[in-house]
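Asks: One structure is given below, represented as structure tokens, and several questions about it will come after.
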Amino acid sequence: MKQSSSQIVADRKADPSAKYLLLRIKEIPKSGYAFGHQDATAYGMGWKNNGDDYKSDVNEVAGDFPGVYGFELGHLELGHTQNLDTVNFNLMTKLIKKAHKKGGIITLSWHPDNPVTKNSAWDPSPAVSQVLEGGSLHPKYRAWLVKVADFMQSLKTRSGKSIPIVFRPYHEMNGSWFWWGHGNCTPEEFKTLWKETFEFLTTKNNVHNLLYCYSTDAIKDGEEYLRYYPGDAYVDILGIDLYHKNTTEEYMQLLNDNLSLLAKIAKRKNKPYAMTEGGLNMVTEENWWTQILNKNIANKGISWALFWRNAWPNHYYVPFKGQKSSADFKQFESLPNVLFLKGLKKIR
Ligand code: BMA
């Protein structure tokens, strides 16, 4: 794959590494889609990385690491040493560097606390208008974003090249559970929050290693998807979070309908797209990976599908040794269209 200097990235001053990552992300669907896991190397079922390990439940079961690595920045804005899921930021930096070096793709989500009430991101009390330019909490919010900027800029290879990141802030805004979500701010306020964040990071803080990913929760139609969309000039990748919460039939329908809608929008915009979060909590179906998931997403043109974290015995999305979907997961890994690290590495 040749790197084209005309590669258009939302950040017009994007580093070559970010431009190259976007090209790579666009190339993936020609071969299939990449498999991703949140906090893959930070912890898993019954273990926590103490700084020296490099392991993952995914590798233990499937014999290969994920292609895509999700990490979470929540509480970075407060200056804490660990994120809201107790992952130390120094460890996260180390794991990001390592995953990048091995050929993986990194995506960062951010669930900043509610800046008004100081409760978590899940406190839906209105806050957006107050953090926008002219709002009473704008200076405080800028200070938060400076911390994000510093972290992003610290992500460098040994030779000093920037590590490109798919940044996915303010996700699931069509749901009403976050302070930036539906009903807690207007679509116009949301768009302004996105644009101000983008401008502040790129222009004012010279952060140029980011690709911007806009991701909603499940949608009813294309209108819902685009209701909060800040504009093509501010977004590189379109995403959607699709969890298996109800029956299997409903999930298969959801995957088909929502990914087809997303594909249509993304093709019109000539942007790559992904299932930015998803999964079935506790993977209670033995053949979930090959029969329910892959069958319904394989031909949709997504660049990756990322599964949520293996947090606790009743909150996990990827099998660990002995888990009931392990054999199917191993089979899933061996499918030619499913790109774990070894498969994804070849796309360059
Ligand atoms: C949610 C849960 C929470 C976690 C949050 C951010 O889905 O996993 O426990 O704090 O994501 O990672």
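In the structure tokens, chains take the letters A, B, ... in the order shown, each chain's residues start at 1, and ligands count up from 1 in the order shown.
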Name the residues, by chain letter and number, that sit within 12 Å of ligand 1 using only C-alpha atoms and all ligand atoms, and give them as a PyMOL selection string.

Replies: chain A and resi 37-39+70-75+83-87+108-113+120-122+169+171-172+177-178+241+243+277-281+307-312+314-317

Asks: Can you pull out every residue within 9 Å of Asp11 of chain A, counting only C-alpha atoms, but drop anything in the same chain fewer than 6 positions away, and send it as a count of residues only?

Replies: 13

Asks: Can you pull out every residue within 9 Å of segment 322-335 of chain A, counting only C-alpha atoms, but drop anything in the same chain fewer than 2 positions away, and send it as a list in words?

Replies: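 Returned residues: Phe35, Val58, Val61, Ala62, Gly63, Asp64, Met282, Val283, Thr284, Glu285, Glu286, Asn287, Trp288, Trp289, Thr290, Gln291, Asn294, Val318, Pro319, Phe320, Asn337, Val338, Leu339 and Phe340 of chain A.
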
Asks: Selected residues, N, CA and C atoms, written as a PDB file, in the first residue's frame, please.

Replies:
ATOM      1  N   PHE A  35     -10.274  -7.582  14.602  1.00  0.00           N
ATOM      2  CA  PHE A  35     -10.892  -7.884  15.893  1.00  0.00           C
ATOM      3  C   PHE A  35     -10.253  -6.993  16.958  1.00  0.00           C
ATOM      4  N   VAL A  58      -7.629 -12.833  25.183  1.00  0.00           N
ATOM      5  CA  VAL A  58      -7.824 -13.167  23.760  1.00  0.00           C
ATOM      6  C   VAL A  58      -6.721 -14.107  23.283  1.00  0.00           C
ATOM      7  N   VAL A  61      -6.832 -17.719  24.739  1.00  0.00           N
ATOM      8  CA  VAL A  61      -7.846 -18.617  24.166  1.00  0.00           C
ATOM      9  C   VAL A  61      -7.601 -18.860  22.677  1.00  0.00           C
ATOM     10  N   ALA A  62      -7.299 -17.787  21.947  1.00  0.00           N
ATOM     11  CA  ALA A  62      -7.264 -17.901  20.476  1.00  0.00           C
ATOM     12  C   ALA A  62      -5.864 -18.103  19.921  1.00  0.00           C
ATOM     13  N   GLY A  63      -4.845 -17.877  20.728  1.00  0.00           N
ATOM     14  CA  GLY A  63      -3.480 -18.030  20.224  1.00  0.00           C
ATOM     15  C   GLY A  63      -2.999 -16.850  19.398  1.00  0.00           C
ATOM     16  N   ASP A  64      -3.693 -15.752  19.455  1.00  0.00           N
ATOM     17  CA  ASP A  64      -3.220 -14.518  18.823  1.00  0.00           C
ATOM     18  C   ASP A  64      -3.820 -13.340  19.587  1.00  0.00           C
ATOM     19  N   MET A 282     -20.945 -11.767  29.033  1.00  0.00           N
ATOM     20  CA  MET A 282     -20.717 -13.133  29.521  1.00  0.00           C
ATOM     21  C   MET A 282     -20.848 -14.199  28.424  1.00  0.00           C
ATOM     22  N   VAL A 283     -20.834 -13.759  27.179  1.00  0.00           N
ATOM     23  CA  VAL A 283     -20.932 -14.651  26.002  1.00  0.00           C
ATOM     24  C   VAL A 283     -21.646 -15.973  26.332  1.00  0.00           C
ATOM     25  N   THR A 284     -22.933 -15.834  26.561  1.00  0.00           N
ATOM     26  CA  THR A 284     -23.721 -16.970  27.032  1.00  0.00           C
ATOM     27  C   THR A 284     -24.129 -17.952  25.924  1.00  0.00           C
ATOM     28  N   GLU A 285     -23.828 -17.598  24.670  1.00  0.00           N
ATOM     29  CA  GLU A 285     -24.146 -18.504  23.552  1.00  0.00           C
ATOM     30  C   GLU A 285     -22.851 -19.162  23.090  1.00  0.00           C
ATOM     31  N   GLU A 286     -22.861 -20.489  23.058  1.00  0.00           N
ATOM     32  CA  GLU A 286     -21.651 -21.243  22.750  1.00  0.00           C
ATOM     33  C   GLU A 286     -21.023 -20.897  21.390  1.00  0.00           C
ATOM     34  N   ASN A 287     -21.869 -20.713  20.400  1.00  0.00           N
ATOM     35  CA  ASN A 287     -21.344 -20.447  19.054  1.00  0.00           C
ATOM     36  C   ASN A 287     -21.558 -19.009  18.614  1.00  0.00           C
ATOM     37  N   TRP A 288     -21.522 -18.122  19.580  1.00  0.00           N
ATOM     38  CA  TRP A 288     -21.843 -16.718  19.314  1.00  0.00           C
ATOM     39  C   TRP A 288     -20.927 -16.103  18.248  1.00  0.00           C
ATOM     40  N   TRP A 289     -19.639 -16.403  18.312  1.00  0.00           N
ATOM     41  CA  TRP A 289     -18.663 -15.715  17.442  1.00  0.00           C
ATOM     42  C   TRP A 289     -18.849 -16.053  15.972  1.00  0.00           C
ATOM     43  N   THR A 290     -18.935 -17.335  15.681  1.00  0.00           N
ATOM     44  CA  THR A 290     -19.038 -17.707  14.261  1.00  0.00           C
ATOM     45  C   THR A 290     -20.471 -17.638  13.744  1.00  0.00           C
ATOM     46  N   GLN A 291     -21.444 -18.001  14.582  1.00  0.00           N
ATOM     47  CA  GLN A 291     -22.811 -18.135  14.060  1.00  0.00           C
ATOM     48  C   GLN A 291     -23.660 -16.870  14.184  1.00  0.00           C
ATOM     49  N   ASN A 294     -20.180 -13.216  13.384  1.00  0.00           N
ATOM     50  CA  ASN A 294     -19.520 -13.138  12.077  1.00  0.00           C
ATOM     51  C   ASN A 294     -20.497 -13.256  10.913  1.00  0.00           C
ATOM     52  N   VAL A 318     -15.366 -11.218  26.145  1.00  0.00           N
ATOM     53  CA  VAL A 318     -14.473 -12.052  25.349  1.00  0.00           C
ATOM     54  C   VAL A 318     -14.144 -13.272  26.213  1.00  0.00           C
ATOM     55  N   PRO A 319     -14.063 -14.459  25.628  1.00  0.00           N
ATOM     56  CA  PRO A 319     -13.825 -15.638  26.471  1.00  0.00           C
ATOM     57  C   PRO A 319     -12.422 -15.656  27.087  1.00  0.00           C
ATOM     58  N   PHE A 320     -12.329 -16.383  28.166  1.00  0.00           N
ATOM     59  CA  PHE A 320     -11.049 -16.686  28.811  1.00  0.00           C
ATOM     60  C   PHE A 320     -10.996 -18.201  28.853  1.00  0.00           C
ATOM     61  N   ASN A 337     -11.381 -14.032   7.090  1.00  0.00           N
ATOM     62  CA  ASN A 337     -11.810 -12.624   7.059  1.00  0.00           C
ATOM     63  C   ASN A 337     -11.724 -11.934   8.413  1.00  0.00           C
ATOM     64  N   VAL A 338     -11.343 -12.673   9.442  1.00  0.00           N
ATOM     65  CA  VAL A 338     -11.273 -12.072  10.776  1.00  0.00           C
ATOM     66  C   VAL A 338      -9.808 -11.827  11.116  1.00  0.00           C
ATOM     67  N   LEU A 339      -9.445 -10.558  11.245  1.00  0.00           N
ATOM     68  CA  LEU A 339      -8.040 -10.212  11.377  1.00  0.00           C
ATOM     69  C   LEU A 339      -7.662  -9.911  12.823  1.00  0.00           C
ATOM     70  N   PHE A 340      -7.020 -10.893  13.426  1.00  0.00           N
ATOM     71  CA  PHE A 340      -6.399 -10.645  14.718  1.00  0.00           C
ATOM     72  C   PHE A 340      -5.034  -9.997  14.388  1.00  0.00           C
TER      73      PHE A 340
END

Asks: Using DSSP assignments from the backbone, pull out every residue in segment 41-272 of chain A that falls under strand (DSSP E) and give it to me as a PDB file with C-alpha atoms, in the first residue's frame.

Replies:
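Result written to part-v3.pdb:
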ATOM      1  CA  TYR A  43      -6.277  -6.996  32.721  1.00  0.00           C
ATOM      2  CA  GLY A  44      -8.506  -9.978  32.146  1.00  0.00           C
ATOM      3  CA  TRP A  47      -5.482 -11.137  36.409  1.00  0.00           C
ATOM      4  CA  LYS A  48      -4.271  -7.574  36.317  1.00  0.00           C
ATOM      5  CA  VAL A  68      -7.340  -3.292  17.667  1.00  0.00           C
ATOM      6  CA  TYR A  69      -6.745  -2.096  21.245  1.00  0.00           C
ATOM      7  CA  GLY A  70      -9.229   0.086  23.066  1.00  0.00           C
ATOM      8  CA  PHE A  71      -8.180   2.104  26.112  1.00  0.00           C
ATOM      9  CA  GLU A  72     -10.114   4.608  28.187  1.00  0.00           C
ATOM     10  CA  ILE A 105      -4.356  -0.116  15.998  1.00  0.00           C
ATOM     11  CA  ILE A 106      -5.144   1.953  19.095  1.00  0.00           C
ATOM     12  CA  THR A 107      -8.470   3.587  19.849  1.00  0.00           C
ATOM     13  CA  LEU A 108      -9.104   5.791  22.884  1.00  0.00           C
ATOM     14  CA  SER A 109     -12.487   6.498  24.413  1.00  0.00           C
ATOM     15  CA  TRP A 110     -13.036   9.183  27.022  1.00  0.00           C
ATOM     16  CA  ILE A 165      -4.665   7.138  17.696  1.00  0.00           C
ATOM     17  CA  VAL A 166      -8.311   6.740  16.771  1.00  0.00           C
ATOM     18  CA  PHE A 167      -9.893   9.183  19.232  1.00  0.00           C
ATOM     19  CA  ARG A 168     -13.532   8.440  20.038  1.00  0.00           C
ATOM     20  CA  PRO A 169     -14.861  11.008  22.497  1.00  0.00           C
ATOM     21  CA  LEU A 210      -5.397  11.777  16.030  1.00  0.00           C
ATOM     22  CA  LEU A 211      -8.060  10.423  13.738  1.00  0.00           C
ATOM     23  CA  TYR A 212     -11.518  11.457  14.934  1.00  0.00           C
ATOM     24  CA  CYS A 213     -14.177   8.791  15.250  1.00  0.00           C
ATOM     25  CA  TYR A 214     -17.844   9.735  15.655  1.00  0.00           C
ATOM     26  CA  SER A 215     -19.807   6.876  17.178  1.00  0.00           C
ATOM     27  CA  THR A 216     -23.444   6.582  18.105  1.00  0.00           C
ATOM     28  CA  ILE A 237     -14.204   7.412  10.846  1.00  0.00           C
ATOM     29  CA  LEU A 238     -17.861   6.581  11.451  1.00  0.00           C
ATOM     30  CA  GLY A 239     -18.661   4.223  14.279  1.00  0.00           C
ATOM     31  CA  ILE A 240     -21.562   2.572  15.999  1.00  0.00           C
ATOM     32  CA  ASP A 241     -21.852   0.683  19.306  1.00  0.00           C
ATOM     33  CA  LEU A 242     -24.019  -2.420  19.019  1.00  0.00           C
ATOM     34  CA  TYR A 243     -24.559  -4.645  22.042  1.00  0.00           C
TER      35      TYR A 243
END

Asks: Taking only C-alpha atoms into account, name the residue in A:Gly175, A:Lys26, A:Arg227, A:Val9 that is nearest to Lys267 of chain A.

Replies: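 Smallest distance to Lys267 of chain A is found for A:Lys26.
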
Asks: Give me the residues within 10 Å of Glu133 of chain A as a PyMOL selection string, counting only C-alpha atoms and dropping any in the same chain fewer than 6 places off.

Replies: chain A and resi 139+141-142+192-193+196

Asks: Interatomic distance between atom CA of Ala143 of chain A and atom CA of Lys195 of chain A?

Replies: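 A separation of 16.7 Å between them.
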
Asks: How many Å separate atom CA of Lys295 of chain A from atom CA of Ile219 of chain A?

Replies: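 Calculated distance between atom CA of Lys295 of chain A and atom CA of Ile219 of chain A is 20.5 Å.
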
Asks: Name all residues at most 12 Å from His138 of chain A (count only C-alpha atoms; drop same-chain ones fewer than 4 positions away) and give them as a PyMOL selection string.

Replies: chain A and resi 115-116+127-134+142-145+193+196-197+200

Asks: Just to be explicit: take each residue in the selection above, keep N, CA, C and O atoms, and write the result as a PDB file, in the first residue's frame.

Replies:
ATOM      1  N   PRO A 115     -18.733  17.841  34.321  1.00  0.00           N
ATOM      2  CA  PRO A 115     -17.965  18.992  34.815  1.00  0.00           C
ATOM      3  C   PRO A 115     -18.755  19.898  35.755  1.00  0.00           C
ATOM      4  O   PRO A 115     -18.155  20.640  36.532  1.00  0.00           O
ATOM      5  N   VAL A 116     -20.080  19.808  35.716  1.00  0.00           N
ATOM      6  CA  VAL A 116     -20.891  20.652  36.596  1.00  0.00           C
ATOM      7  C   VAL A 116     -21.052  20.007  37.969  1.00  0.00           C
ATOM      8  O   VAL A 116     -20.739  20.603  38.997  1.00  0.00           O
ATOM      9  N   ALA A 127     -24.668  19.981  31.116  1.00  0.00           N
ATOM     10  CA  ALA A 127     -23.354  20.582  31.378  1.00  0.00           C
ATOM     11  C   ALA A 127     -22.733  21.174  30.116  1.00  0.00           C
ATOM     12  O   ALA A 127     -21.849  22.030  30.208  1.00  0.00           O
ATOM     13  N   VAL A 128     -23.190  20.721  28.945  1.00  0.00           N
ATOM     14  CA  VAL A 128     -22.485  21.102  27.706  1.00  0.00           C
ATOM     15  C   VAL A 128     -22.441  22.612  27.514  1.00  0.00           C
ATOM     16  O   VAL A 128     -21.366  23.181  27.266  1.00  0.00           O
ATOM     17  N   SER A 129     -23.582  23.285  27.665  1.00  0.00           N
ATOM     18  CA  SER A 129     -23.584  24.734  27.377  1.00  0.00           C
ATOM     19  C   SER A 129     -22.583  25.467  28.276  1.00  0.00           C
ATOM     20  O   SER A 129     -21.998  26.465  27.865  1.00  0.00           O
ATOM     21  N   GLN A 130     -22.355  24.938  29.455  1.00  0.00           N
ATOM     22  CA  GLN A 130     -21.430  25.627  30.369  1.00  0.00           C
ATOM     23  C   GLN A 130     -19.954  25.429  30.048  1.00  0.00           C
ATOM     24  O   GLN A 130     -19.103  26.196  30.490  1.00  0.00           O
ATOM     25  N   VAL A 131     -19.646  24.365  29.285  1.00  0.00           N
ATOM     26  CA  VAL A 131     -18.221  24.165  28.961  1.00  0.00           C
ATOM     27  C   VAL A 131     -17.851  24.765  27.602  1.00  0.00           C
ATOM     28  O   VAL A 131     -16.676  24.870  27.261  1.00  0.00           O
ATOM     29  N   LEU A 132     -18.849  25.171  26.834  1.00  0.00           N
ATOM     30  CA  LEU A 132     -18.559  25.769  25.526  1.00  0.00           C
ATOM     31  C   LEU A 132     -17.956  27.163  25.697  1.00  0.00           C
ATOM     32  O   LEU A 132     -18.079  27.768  26.767  1.00  0.00           O
ATOM     33  N   GLU A 133     -17.355  27.661  24.647  1.00  0.00           N
ATOM     34  CA  GLU A 133     -16.776  29.009  24.681  1.00  0.00           C
ATOM     35  C   GLU A 133     -17.812  29.999  25.177  1.00  0.00           C
ATOM     36  O   GLU A 133     -18.956  29.994  24.705  1.00  0.00           O
ATOM     37  N   GLY A 134     -17.457  30.803  26.125  1.00  0.00           N
ATOM     38  CA  GLY A 134     -18.400  31.762  26.700  1.00  0.00           C
ATOM     39  C   GLY A 134     -19.106  31.227  27.937  1.00  0.00           C
ATOM     40  O   GLY A 134     -19.707  31.990  28.685  1.00  0.00           O
ATOM     41  N   ARG A 142     -11.177  23.618  29.360  1.00  0.00           N
ATOM     42  CA  ARG A 142      -9.936  23.763  28.590  1.00  0.00           C
ATOM     43  C   ARG A 142      -8.764  23.101  29.315  1.00  0.00           C
ATOM     44  O   ARG A 142      -7.927  22.450  28.708  1.00  0.00           O
ATOM     45  N   ALA A 143      -8.738  23.283  30.624  1.00  0.00           N
ATOM     46  CA  ALA A 143      -7.660  22.676  31.417  1.00  0.00           C
ATOM     47  C   ALA A 143      -7.748  21.146  31.323  1.00  0.00           C
ATOM     48  O   ALA A 143      -6.724  20.458  31.268  1.00  0.00           O
ATOM     49  N   TRP A 144      -8.961  20.637  31.283  1.00  0.00           N
ATOM     50  CA  TRP A 144      -9.135  19.184  31.105  1.00  0.00           C
ATOM     51  C   TRP A 144      -8.572  18.750  29.749  1.00  0.00           C
ATOM     52  O   TRP A 144      -7.868  17.741  29.642  1.00  0.00           O
ATOM     53  N   LEU A 145      -8.918  19.526  28.728  1.00  0.00           N
ATOM     54  CA  LEU A 145      -8.469  19.157  27.375  1.00  0.00           C
ATOM     55  C   LEU A 145      -6.954  19.275  27.212  1.00  0.00           C
ATOM     56  O   LEU A 145      -6.357  18.541  26.427  1.00  0.00           O
ATOM     57  N   LEU A 193     -19.594  21.366  20.840  1.00  0.00           N
ATOM     58  CA  LEU A 193     -18.643  20.730  21.766  1.00  0.00           C
ATOM     59  C   LEU A 193     -17.600  19.945  20.967  1.00  0.00           C
ATOM     60  O   LEU A 193     -16.396  20.008  21.247  1.00  0.00           O
ATOM     61  N   GLU A 196     -15.292  22.437  18.978  1.00  0.00           N
ATOM     62  CA  GLU A 196     -14.376  23.166  19.867  1.00  0.00           C
ATOM     63  C   GLU A 196     -13.283  22.236  20.391  1.00  0.00           C
ATOM     64  O   GLU A 196     -12.123  22.638  20.509  1.00  0.00           O
ATOM     65  N   THR A 197     -13.648  21.001  20.685  1.00  0.00           N
ATOM     66  CA  THR A 197     -12.652  20.028  21.148  1.00  0.00           C
ATOM     67  C   THR A 197     -11.619  19.795  20.047  1.00  0.00           C
ATOM     68  O   THR A 197     -10.406  19.821  20.290  1.00  0.00           O
ATOM     69  N   PHE A 200      -9.486  22.933  19.551  1.00  0.00           N
ATOM     70  CA  PHE A 200      -8.604  23.172  20.690  1.00  0.00           C
ATOM     71  C   PHE A 200      -7.413  22.208  20.658  1.00  0.00           C
ATOM     72  O   PHE A 200      -6.268  22.600  20.893  1.00  0.00           O
TER      73      PHE A 200
END

Asks: Name all residues at most 10 Å from Ile297 of chain A (count only C-alpha atoms; drop same-chain ones fewer than 5 positions away) and give them as a PyMOL selection string.

Replies: chain A and resi 32-33+252+255-256+259-260+275+292+302+304-305
